[in-house]
$ cat upload_7.txt   # compact mmCIF, C-alpha atoms and all ligand atoms
# COMPACT_ATOMS: atom_id res chain seq x y z
CA MET A 15 76.83 113.56 93.85
CA VAL A 16 75.24 112.03 90.85
CA HIS A 17 72.70 110.42 93.12
CA ILE A 18 72.45 113.44 95.41
CA SER A 19 71.80 115.73 92.54
CA SER A 20 69.36 113.39 90.97
CA LYS A 21 67.52 113.35 94.29
CA ILE A 22 67.48 117.08 94.37
CA PHE A 23 67.11 117.90 90.73
CA GLY A 24 65.34 114.75 89.64
CA LYS A 25 66.23 113.09 86.35
CA ILE A 26 68.04 115.58 84.22
CA LYS A 27 68.22 115.66 80.47
CA GLN A 28 71.77 115.66 79.28
CA ALA A 29 72.99 119.06 78.17
CA THR A 30 76.05 118.74 76.03
CA ARG A 31 78.55 121.54 75.83
CA LYS A 32 79.90 122.58 72.48
CA TYR A 33 83.43 121.42 73.12
CA LEU A 34 82.16 118.07 74.37
CA ARG A 35 80.35 117.64 71.11
CA GLN A 36 83.60 118.39 69.35
CA GLY A 37 85.06 115.36 71.10
CA PHE A 38 87.91 116.73 73.17
CA ARG A 39 90.32 113.89 73.76
CA ASP A 40 91.69 113.82 77.26
CA ASN A 41 92.78 110.21 77.41
CA LEU A 42 94.30 107.73 75.05
CA ARG A 43 95.15 104.06 75.52
CA ILE A 44 98.30 102.86 73.81
CA TYR A 45 100.41 99.71 73.82
CA VAL A 46 104.08 99.89 74.74
CA GLN A 47 106.70 97.20 74.45
CA GLY A 48 110.37 97.34 75.29
CA GLY A 49 112.68 95.54 72.87
CA PRO A 50 113.85 92.03 73.77
CA GLY A 51 117.44 91.53 74.88
CA GLY A 52 119.75 89.83 72.38
CA ASN A 53 121.13 86.37 73.10
CA GLY A 54 124.60 85.86 74.50
CA TYR A 55 127.30 83.79 72.79
CA PRO A 56 128.14 80.88 75.07
CA LYS A 57 131.30 79.89 73.22
CA PHE A 58 133.03 83.19 74.06
CA GLY A 59 130.95 84.21 77.09
CA GLY A 60 129.44 86.94 74.88
CA VAL A 61 126.64 89.14 76.21
CA GLY A 62 123.56 90.00 74.15
CA GLY A 63 122.58 93.65 73.66
CA LYS A 64 119.96 95.18 75.94
CA GLY A 65 116.55 95.81 74.36
CA GLY A 66 115.54 99.40 73.67
CA ASP A 67 113.26 101.27 76.10
CA VAL A 68 110.03 103.04 75.16
CA ILE A 69 110.40 106.61 76.39
CA GLY A 70 107.84 109.43 76.48
CA ILE A 71 109.09 113.03 76.26
CA ALA A 72 106.87 115.94 77.31
CA LYS A 73 106.26 118.63 74.72
CA GLU A 74 104.23 121.80 74.92
CA ASN A 75 101.47 122.60 72.44
CA LEU A 76 100.80 118.98 71.69
CA THR A 77 97.40 117.34 72.08
CA LEU A 78 96.51 113.71 72.61
CA GLU A 79 94.72 114.00 69.28
CA ASP A 80 98.12 114.83 67.70
CA VAL A 81 99.62 111.77 69.40
CA TYR A 82 96.83 109.61 68.07
CA LYS A 83 97.08 111.02 64.54
CA SER A 84 100.84 110.52 64.43
CA ASN A 85 100.49 106.81 65.16
CA ARG A 86 96.99 105.47 64.63
CA SER A 87 98.12 101.92 65.43
CA LYS A 88 98.75 103.20 68.99
CA ARG A 89 101.57 100.65 69.28
CA TYR A 90 105.00 101.72 70.44
CA ILE A 91 107.55 98.93 70.17
CA ALA A 92 111.26 99.49 70.74
CA LYS A 93 113.98 97.62 68.89
CA GLY A 94 115.56 94.46 70.28
CA GLY A 95 119.20 94.19 71.34
CA ARG A 96 121.47 92.38 68.89
CA HIS A 97 122.75 88.89 69.61
CA SER A 98 126.34 88.46 70.63
CA THR A 99 128.42 87.01 67.79
CA HIS A 100 132.03 86.15 67.28
CA ASN A 101 132.46 89.58 65.66
CA PHE A 102 130.51 91.43 68.37
CA ILE A 103 131.10 89.71 71.66
CA LEU A 104 128.99 92.43 73.29
CA GLY A 105 125.82 92.58 71.23
CA PRO A 106 124.87 96.20 70.40
CA PRO A 107 121.86 97.48 72.38
CA GLY A 108 118.51 98.02 70.68
CA GLU A 109 117.56 101.59 69.89
CA ASP A 110 115.20 103.30 72.35
CA LEU A 111 111.86 104.38 70.96
CA LYS A 112 111.26 107.99 71.96
CA PHE A 113 108.05 109.80 71.24
CA GLU A 114 106.42 113.06 72.29
CA LEU A 115 103.51 113.44 74.66
CA PRO A 116 101.59 116.50 75.85
CA VAL A 117 102.70 118.23 79.03
CA GLY A 118 100.25 117.26 81.78
CA VAL A 119 99.76 113.55 81.09
CA THR A 120 99.70 110.90 83.77
CA LEU A 121 100.55 107.39 82.62
CA VAL A 122 98.77 104.46 84.19
CA THR A 123 98.87 100.77 83.25
CA ASP A 124 95.71 98.67 83.05
CA ALA A 125 96.74 97.05 86.31
CA GLY A 126 96.52 100.50 87.91
CA LYS A 127 100.26 101.04 88.28
CA ASN A 128 101.07 104.72 87.98
CA LEU A 129 104.17 105.02 85.80
CA GLY A 130 104.49 108.74 86.52
CA ASP A 131 103.57 112.19 85.25
CA LEU A 132 105.01 114.41 82.57
CA ASN A 133 104.51 117.82 84.12
CA ASN A 134 107.20 119.96 82.49
CA PRO A 135 108.43 120.31 78.92
CA ASP A 136 111.31 117.91 78.17
CA ASP A 137 110.49 115.65 81.14
CA GLN A 138 111.18 112.05 80.15
CA LEU A 139 109.62 108.86 81.41
CA VAL A 140 110.45 105.25 80.60
CA LEU A 141 107.14 103.60 79.79
CA ALA A 142 108.50 100.13 79.08
CA LYS A 143 112.00 98.86 79.76
CA GLY A 144 113.85 96.78 77.24
CA GLY A 145 114.84 93.23 78.18
CA THR A 146 118.35 92.36 79.37
CA GLY A 147 120.81 90.66 77.06
CA GLY A 148 121.63 86.97 77.49
CA HIS A 149 124.78 86.15 79.47
CA SER A 150 126.34 83.36 81.50
CA LYS A 151 123.96 83.83 84.44
CA ASN A 152 120.73 83.58 82.46
CA GLY A 153 121.65 80.80 80.13
CA TYR A 154 122.66 83.29 77.39
CA LEU A 155 119.01 83.92 76.55
CA GLY A 156 117.92 87.52 76.26
CA THR A 157 114.77 88.40 78.22
CA LYS A 158 111.62 90.00 76.83
CA GLY A 159 111.02 93.70 77.31
CA GLN A 160 108.17 95.01 79.46
CA ALA A 161 104.91 95.10 77.53
CA TYR A 162 101.47 96.38 78.48
CA PRO A 163 98.73 98.81 77.52
CA VAL A 164 99.09 102.25 79.11
CA THR A 165 96.43 104.92 79.45
CA LEU A 166 97.56 108.49 78.92
CA ASP A 167 95.41 110.70 81.07
CA LEU A 168 95.61 114.40 80.41
CA LYS A 169 95.06 116.76 83.32
CA LEU A 170 94.81 120.44 82.89
CA ILE A 171 97.49 122.46 84.61
CA ALA A 172 96.23 125.94 85.47
CA ASP A 173 96.72 128.11 88.53
CA ILE A 174 93.02 128.72 89.04
CA GLY A 175 90.09 126.49 88.17
CA LEU A 176 86.57 127.90 87.92
CA VAL A 177 83.99 125.65 89.50
CA GLY A 178 80.27 126.21 89.34
CA PHE A 179 76.88 125.21 88.07
CA PRO A 180 75.89 126.24 84.55
CA ASN A 181 74.94 129.83 84.00
CA ALA A 182 76.68 131.11 87.14
CA GLY A 183 78.84 133.36 84.96
CA LYS A 184 82.14 131.50 84.84
CA SER A 185 82.81 132.23 81.17
CA THR A 186 81.83 135.88 81.68
CA ILE A 187 84.29 136.14 84.56
CA LEU A 188 87.04 134.52 82.52
CA LYS A 189 86.41 136.85 79.61
CA GLY A 190 86.18 139.92 81.83
CA ILE A 191 89.20 139.17 83.91
CA SER A 192 91.49 138.39 81.02
CA HIS A 193 89.78 141.00 78.84
CA ALA A 194 91.37 143.46 76.38
CA LYS A 195 93.07 140.84 74.25
CA PRO A 196 92.63 137.70 76.25
CA LYS A 197 95.85 135.81 76.03
CA ILE A 198 95.01 132.25 75.46
CA ALA A 199 97.49 129.96 77.10
CA ASN A 200 99.67 127.65 75.13
CA TYR A 201 98.02 124.64 76.59
CA PRO A 202 97.61 121.50 74.64
CA PHE A 203 93.84 121.61 74.67
CA THR A 204 92.91 122.70 71.19
CA THR A 205 89.22 122.23 71.65
CA VAL A 206 89.07 123.80 75.10
CA LYS A 207 91.64 126.50 74.41
CA PRO A 208 89.07 129.30 74.55
CA ASN A 209 88.32 128.24 78.10
CA ILE A 210 91.78 128.98 79.43
CA GLY A 211 92.77 132.59 79.94
CA ILE A 212 95.80 134.39 81.26
CA LEU A 213 95.42 137.10 83.88
CA LEU A 214 98.09 139.67 83.06
CA TYR A 215 99.30 142.03 85.78
CA ASP A 216 101.14 145.34 85.48
CA ASP A 217 104.41 143.77 86.59
CA ASN A 218 104.03 141.15 83.86
CA ARG A 219 103.08 138.45 86.31
CA GLN A 220 100.78 135.95 84.63
CA ILE A 221 98.27 133.67 86.24
CA SER A 222 96.35 131.09 84.27
CA MET A 223 92.66 130.48 84.81
CA ALA A 224 90.64 127.60 83.43
CA ASP A 225 86.91 127.53 82.94
CA LEU A 226 85.91 123.96 83.65
CA PRO A 227 82.31 124.14 82.59
CA GLY A 228 81.55 120.50 82.09
CA LEU A 229 82.64 119.93 85.63
CA ILE A 230 79.53 120.19 87.67
CA GLU A 231 77.01 120.27 84.91
CA GLY A 232 78.22 116.87 83.81
CA ALA A 233 78.32 115.44 87.29
CA HIS A 234 74.64 115.91 87.82
CA ALA A 235 73.56 115.55 84.20
CA ASN A 236 75.08 112.19 83.46
CA LYS A 237 77.20 109.68 85.23
CA GLY A 238 80.85 110.01 84.56
CA MET A 239 80.99 113.07 82.38
CA GLY A 240 81.19 115.53 85.25
CA HIS A 241 83.75 113.44 87.01
CA LYS A 242 85.73 113.28 83.81
CA PHE A 243 86.20 117.03 84.11
CA LEU A 244 86.52 117.19 87.86
CA LYS A 245 89.94 115.60 87.56
CA HIS A 246 91.21 118.85 86.07
CA VAL A 247 90.51 120.65 89.34
CA GLU A 248 92.97 118.41 91.12
CA ARG A 249 96.00 120.14 89.69
CA THR A 250 94.91 123.74 90.04
CA LYS A 251 96.38 125.77 92.88
CA LEU A 252 93.12 127.51 93.69
CA MET A 253 89.50 126.62 93.14
CA LEU A 254 87.37 129.62 92.35
CA MET A 255 83.82 128.66 93.11
CA VAL A 256 81.20 130.77 91.37
CA ALA A 257 77.58 130.95 92.51
CA ASP A 258 74.71 133.03 91.19
CA ILE A 259 73.19 135.15 93.98
CA ASN A 260 69.78 134.24 92.58
CA GLY A 261 70.44 130.52 92.76
CA PHE A 262 69.99 128.09 89.93
CA GLN A 263 67.20 126.25 88.20
CA LEU A 264 68.06 123.82 85.47
CA GLY A 265 64.66 124.11 83.82
CA PRO A 266 61.04 124.91 84.60
CA GLN A 267 60.36 121.31 85.62
CA TYR A 268 63.15 121.32 88.23
CA PRO A 269 63.11 122.89 91.67
CA HIS A 270 64.78 126.20 92.15
CA ARG A 271 67.82 126.04 94.43
CA SER A 272 69.06 129.03 96.34
CA CYS A 273 72.57 130.40 96.20
CA LEU A 274 73.47 128.71 99.51
CA GLU A 275 72.00 125.40 98.37
CA ASN A 276 74.07 125.61 95.21
CA ILE A 277 77.23 126.13 97.21
CA MET A 278 76.36 123.12 99.36
CA LEU A 279 75.74 120.98 96.29
CA LEU A 280 78.98 122.07 94.70
CA ILE A 281 80.98 121.23 97.80
CA LYS A 282 79.24 117.88 98.10
CA GLU A 283 79.97 117.27 94.43
CA LEU A 284 83.68 117.88 94.97
CA GLU A 285 83.69 115.74 98.09
CA MET A 286 82.01 112.82 96.35
CA TYR A 287 84.63 112.94 93.63
CA ASN A 288 87.65 113.21 95.92
CA LYS A 289 87.42 114.44 99.48
CA ASP A 290 91.01 115.71 99.27
CA LEU A 291 89.67 118.46 97.00
CA LEU A 292 88.11 120.07 100.07
CA SER A 293 91.55 120.73 101.51
CA LYS A 294 92.54 122.68 98.41
CA PRO A 295 92.72 126.47 98.67
CA ALA A 296 89.41 127.92 97.54
CA MET A 297 87.70 131.23 97.08
CA LEU A 298 84.03 132.00 96.56
CA VAL A 299 82.55 134.50 94.15
CA ILE A 300 78.91 135.48 94.41
CA ASN A 301 77.99 136.74 90.96
CA LYS A 302 75.21 138.78 89.36
CA MET A 303 75.13 141.34 92.14
CA ASP A 304 73.65 143.83 89.66
CA THR A 305 70.34 141.97 89.44
CA ASP A 306 67.15 143.13 91.22
CA GLY A 307 67.21 142.51 94.94
CA ALA A 308 70.70 140.98 94.81
CA LEU A 309 72.15 143.21 97.50
CA ALA A 310 69.31 142.44 99.92
CA LYS A 311 69.75 138.73 99.24
CA PHE A 312 73.48 138.98 99.81
CA ASN A 313 73.03 140.84 103.10
CA GLU A 314 70.57 138.19 104.17
CA ILE A 315 72.95 135.29 103.56
CA GLU A 316 76.23 136.99 104.41
CA SER A 317 76.46 135.61 107.94
CA GLN A 318 75.54 132.10 106.71
CA LEU A 319 78.19 132.33 104.01
CA LYS A 320 80.71 132.86 106.77
CA ASN A 321 79.41 129.88 108.70
CA LEU A 322 78.48 127.38 106.01
CA GLY A 323 78.88 124.43 108.37
CA GLY A 324 76.11 125.80 110.55
CA TYR A 325 73.87 126.37 107.53
CA PHE A 326 74.50 122.87 106.12
CA SER A 327 73.51 121.29 109.44
CA ASN A 328 69.88 122.14 108.57
CA TYR A 329 70.03 119.61 105.73
CA PRO A 330 69.79 115.81 105.91
CA GLU A 331 73.11 113.99 106.15
CA GLU A 332 72.94 112.56 102.62
CA GLN A 333 72.66 116.03 101.13
CA ARG A 334 75.24 117.94 103.08
CA PRO A 335 78.99 117.54 102.71
CA GLU A 336 80.83 115.76 105.52
CA GLY A 337 83.99 117.79 105.22
CA LYS A 338 84.54 121.52 105.24
CA LEU A 339 85.79 123.69 102.45
CA LYS A 340 87.46 126.79 103.77
CA PHE A 341 87.20 129.85 101.56
CA TYR A 342 90.10 132.27 101.77
CA GLU A 343 87.69 134.98 100.80
CA ILE A 344 84.11 135.54 99.67
CA ILE A 345 83.67 138.28 97.08
CA PRO A 346 80.40 139.59 95.63
CA ILE A 347 80.79 140.77 92.03
CA SER A 348 78.93 141.53 88.85
CA ALA A 349 80.95 139.99 86.06
CA LYS A 350 78.74 141.52 83.41
CA GLU A 351 77.90 144.97 84.70
CA ASN A 352 80.64 146.01 87.09
CA PRO A 353 84.18 145.88 85.69
CA GLU A 354 85.52 147.41 88.92
CA SER A 355 84.37 144.38 90.89
CA VAL A 356 86.08 142.11 88.36
CA LYS A 357 89.24 144.17 88.73
CA LEU A 358 89.07 143.77 92.48
CA LEU A 359 88.62 140.02 92.04
CA LYS A 360 91.69 139.94 89.81
CA GLU A 361 93.77 141.71 92.46
CA ARG A 362 92.52 139.44 95.24
CA LEU A 363 93.29 136.36 93.16
CA ARG A 364 96.84 137.56 92.70
CA LYS A 365 97.20 138.08 96.46
CA ILE A 366 95.86 134.64 97.25
CA ILE A 367 97.96 132.87 94.65
CA ASP A 368 101.02 134.64 96.13
CA VAL A 369 100.03 133.60 99.67
CA ILE A 370 99.62 130.00 98.48
CA ALA A 371 103.06 130.15 96.81
CA ASP A 372 104.59 131.53 100.03
CA GLU A 373 102.97 128.78 102.09
CA LYS A 374 104.25 126.15 99.67
CA GLU A 375 107.73 127.67 99.85
CA LYS A 376 107.66 127.58 103.65
CA GLU A 377 106.41 123.98 103.58
CA SER A 378 109.22 122.91 101.28
CA GLN A 379 111.77 124.74 103.44
CA THR A 380 110.39 122.97 106.51
CA ASP A 381 110.65 119.68 104.65
CA VAL A 382 114.30 120.32 103.82
CA LEU A 383 114.97 121.36 107.42
CA GLU A 384 113.32 118.20 108.71
CA GLU A 385 115.37 116.12 106.31
CA VAL A 386 118.59 117.76 107.44
CA LYS A 387 117.60 117.32 111.09
CA SER A 388 116.79 113.65 110.72
CA SER A 389 119.94 112.93 108.74
CA LEU A 390 121.95 114.68 111.49
CA LYS A 391 120.23 112.52 114.08
CA GLU A 392 121.24 109.37 112.25
CA ARG A 393 124.75 110.18 111.19
CA GLY A 394 125.80 113.46 112.67
CA PRO A 395 127.92 114.09 115.71
CA VAL A 396 126.15 113.77 119.05
CA LEU A 397 125.91 117.16 120.69
CA ILE A 398 126.18 117.12 124.43
N1 LIG B 401 72.93 140.17 85.16
C1 LIG B 401 74.06 139.51 85.06
N2 LIG B 401 74.18 138.51 84.18
C2 LIG B 401 75.34 137.85 84.11
C3 LIG B 401 76.44 138.16 84.94
N3 LIG B 401 77.46 137.33 84.64
C4 LIG B 401 77.00 136.51 83.68
N4 LIG B 401 75.75 136.82 83.34
C5 LIG B 401 74.90 136.18 82.34
O1 LIG B 401 74.61 134.86 82.75
C6 LIG B 401 74.54 134.00 81.63
C7 LIG B 401 75.51 132.85 81.84
O2 LIG B 401 76.83 133.35 81.86
P1 LIG B 401 78.08 132.46 81.48
O3 LIG B 401 79.28 133.26 81.71
O4 LIG B 401 77.90 131.83 80.15
O5 LIG B 401 77.92 131.35 82.60
P2 LIG B 401 78.70 129.98 82.77
O6 LIG B 401 78.83 129.75 84.22
O7 LIG B 401 79.95 129.97 81.97
O8 LIG B 401 77.63 129.03 82.20
P3 LIG B 401 77.81 127.65 81.44
O9 LIG B 401 78.52 128.03 80.17
O10 LIG B 401 76.41 127.17 81.23
O11 LIG B 401 78.60 126.78 82.36
C8 LIG B 401 74.87 134.86 80.42
O12 LIG B 401 73.67 135.25 79.83
C9 LIG B 401 75.59 136.05 81.01
O13 LIG B 401 75.44 137.20 80.24
C10 LIG B 401 76.29 139.24 85.87
O14 LIG B 401 77.19 139.61 86.62
N5 LIG B 401 75.09 139.87 85.88
$ encode --input "upload_7.txt" --output "structure tokens"
Amino acid sequence: MVHISSKIFGKIKQATRKYLRQGFRDNLRIYVQGGPGGNGYPKFGGVGGKGGDVIGIAKENLTLEDVYKSNRSKRYIAKGGRHSTHNFILGPPGEDLKFELPVGVTLVTDAGKNLGDLNNPDDQLVLAKGGTGGHSKNGYLGTKGQAYPVTLDLKLIADIGLVGFPNAGKSTILKGISHAKPKIANYPFTTVKPNIGILLYDDNRQISMADLPGLIEGAHANKGMGHKFLKHVERTKLMLMVADINGFQLGPQYPHRSCLENIMLLIKELEMYNKDLLSKPAMLVINKMDTDGALAKFNEIESQLKNLGGYFSNYPEEQRPEGKLKFYEIIPISAKENPESVKLLKERLRKIIDVIADEKEKESQTDVLEEVKSSLKERGPVLI
């Protein structure tokens, strides 16, 4: 998309968002090393103690900045196992090194091996295993523990992620929809905290919504930055795409793009990052319906909105997305001037999130059923 956008928008001066200037840390590279195993004691067939493991434990309300500040050396080295001696034939194991990490981190080694995710509080993950103790089968020499640099990559976990070009009204929607006293989620994103809101419903149901502003803006403004934020969309249950009915123009020197063109660019942007994003549940909001001529514009494009594929086919291949993004619903609103429309949006979001949850539930039930069926096929009685 970077190149597509630059074709369309030309070279764009970087616009830095406030929280980007504040230096929000969403990844951190550390070094982990399991403790070495202790040596065995050949004379008595003694076994050396196992080296300690390095273990990460997920904790809420923690940021990667906190992790960094608590250990600026960024080295996590577990204790070695003790050697076997004539007093301790079985050498005592080395102590594990446990430390806390924010909920939502993925841990990847430099070689690209994914060690796993910490998605829920108190989840634990062994980042580096300690070495085994020396014994008769390994010449009584303890082995080294695993050791490598690991990158902690923090992904936002929210039910809904707002996706859109700058100025479309994402922040206004977030503020309006979680208005009164917006409950700011307990997410470990100190610097982006104001961009995550909770939608509270009468029955106390809560749905979290994240404004991911750097997302698209960054993708076309400078290489990498937009993609850096696009990763947060991956974990949301629903993408809420927001487009201004009047379209978007980055500045007087750039061409004006219509609402439909913006939608196409956004979809292409998502596709270029990860085409799997297009199979995520999505909903489209057309904002600023209070502005002059908005209703006429909406009526004009309504049929095309329902058949985006047909509309995109008017554009050259390199500009239009290859895949399709299916919107559950398309809702025109005015985030600023029409609280009723925002209320309606809030209700529809609840419905859709519930439908998605039901579908997931059915899927997991089908999975279990399939598992049971296949295990019966292998081991169960043959029914004649
Ligand atoms: N007329 C009108 N203006 C709106 C509406 N919603 C938002 N705005 C205005 O549009 C401008 C941009 O709104 P934001 O909510 O900051 O948009 P955003 O998508 O978060 O923009 P970035 O922060 O640049 O990503 C502000 O001046 C808002 O007051 C609307 O429904 N109608």
$ residues_near_point --input "upload_7.txt" --point "(110.3, 110.8, 76.4)" --cutoff "12 Å" --atoms "only C-alpha atoms" --output "list in words"
Asp67, Val68, Ile69, Gly70, Ile71, Ala72, Lys73, Asp110, Leu111, Lys112, Phe113, Glu114, Leu115, Pro116, Val117, Val119, Gly130, Asp131, Leu132, Asn133, Asn134, Pro135, Asp136, Asp137, Gln138, Leu139, Val140, Leu141 and Ala142 of chain A
$ residues_near_ligand --input "upload_7.txt" --ligand "ligand LIG 401 (chain B)" --cutoff "6 Å" --atoms "all atoms listed in the file" --output "PDB file with C-alpha atoms, keeping the file's coordinate frame"
ATOM      1  CA  PRO A 180      75.890 126.240  84.550  1.00  0.00           C
ATOM      2  CA  ASN A 181      74.940 129.830  84.000  1.00  0.00           C
ATOM      3  CA  ALA A 182      76.680 131.110  87.140  1.00  0.00           C
ATOM      4  CA  GLY A 183      78.840 133.360  84.960  1.00  0.00           C
ATOM      5  CA  LYS A 184      82.140 131.500  84.840  1.00  0.00           C
ATOM      6  CA  SER A 185      82.810 132.230  81.170  1.00  0.00           C
ATOM      7  CA  THR A 186      81.830 135.880  81.680  1.00  0.00           C
ATOM      8  CA  PRO A 227      82.310 124.140  82.590  1.00  0.00           C
ATOM      9  CA  ASN A 301      77.990 136.740  90.960  1.00  0.00           C
ATOM     10  CA  LYS A 302      75.210 138.780  89.360  1.00  0.00           C
ATOM     11  CA  ASP A 304      73.650 143.830  89.660  1.00  0.00           C
ATOM     12  CA  THR A 305      70.340 141.970  89.440  1.00  0.00           C
ATOM     13  CA  SER A 348      78.930 141.530  88.850  1.00  0.00           C
ATOM     14  CA  ALA A 349      80.950 139.990  86.060  1.00  0.00           C
ATOM     15  CA  LYS A 350      78.740 141.520  83.410  1.00  0.00           C
ATOM     16  CA  GLU A 351      77.900 144.970  84.700  1.00  0.00           C
TER      17      GLU A 351
END
$ residues_around --input "upload_7.txt" --residues "Ile44 (chain A)" --least-positions-apart "6" --cutoff "12 Å" --atoms "only C-alpha atoms" --output "list in words"
Val68, Gly70, Leu78, Val81, Tyr82, Asn85, Arg86, Ser87, Lys88, Arg89, Tyr90, Ile91, Leu115, Leu121, Val122, Thr123, Asp124, Leu141, Ala142, Ala161, Tyr162, Pro163, Val164, Thr165, Leu166 and Asp167 of chain A
$ atom_distance --input "upload_7.txt" --atom1 "CA of Arg334 (chain A)" --atom2 "CA of Ala257 (chain A)"
16.9 Å
$ closest_residue --input "upload_7.txt" --among "A:Asn328, A:Asn276, A:Gln267, A:Gln333" --to "Met255 (chain A)" --atoms "only C-alpha atoms"
A:Asn276
$ closest_residue --input "upload_7.txt" --among "A:Ile221, A:Leu279, A:Leu168, A:Ala308" --to "Arg39 (chain A)" --atoms "all atoms listed in the file"
A:Leu168
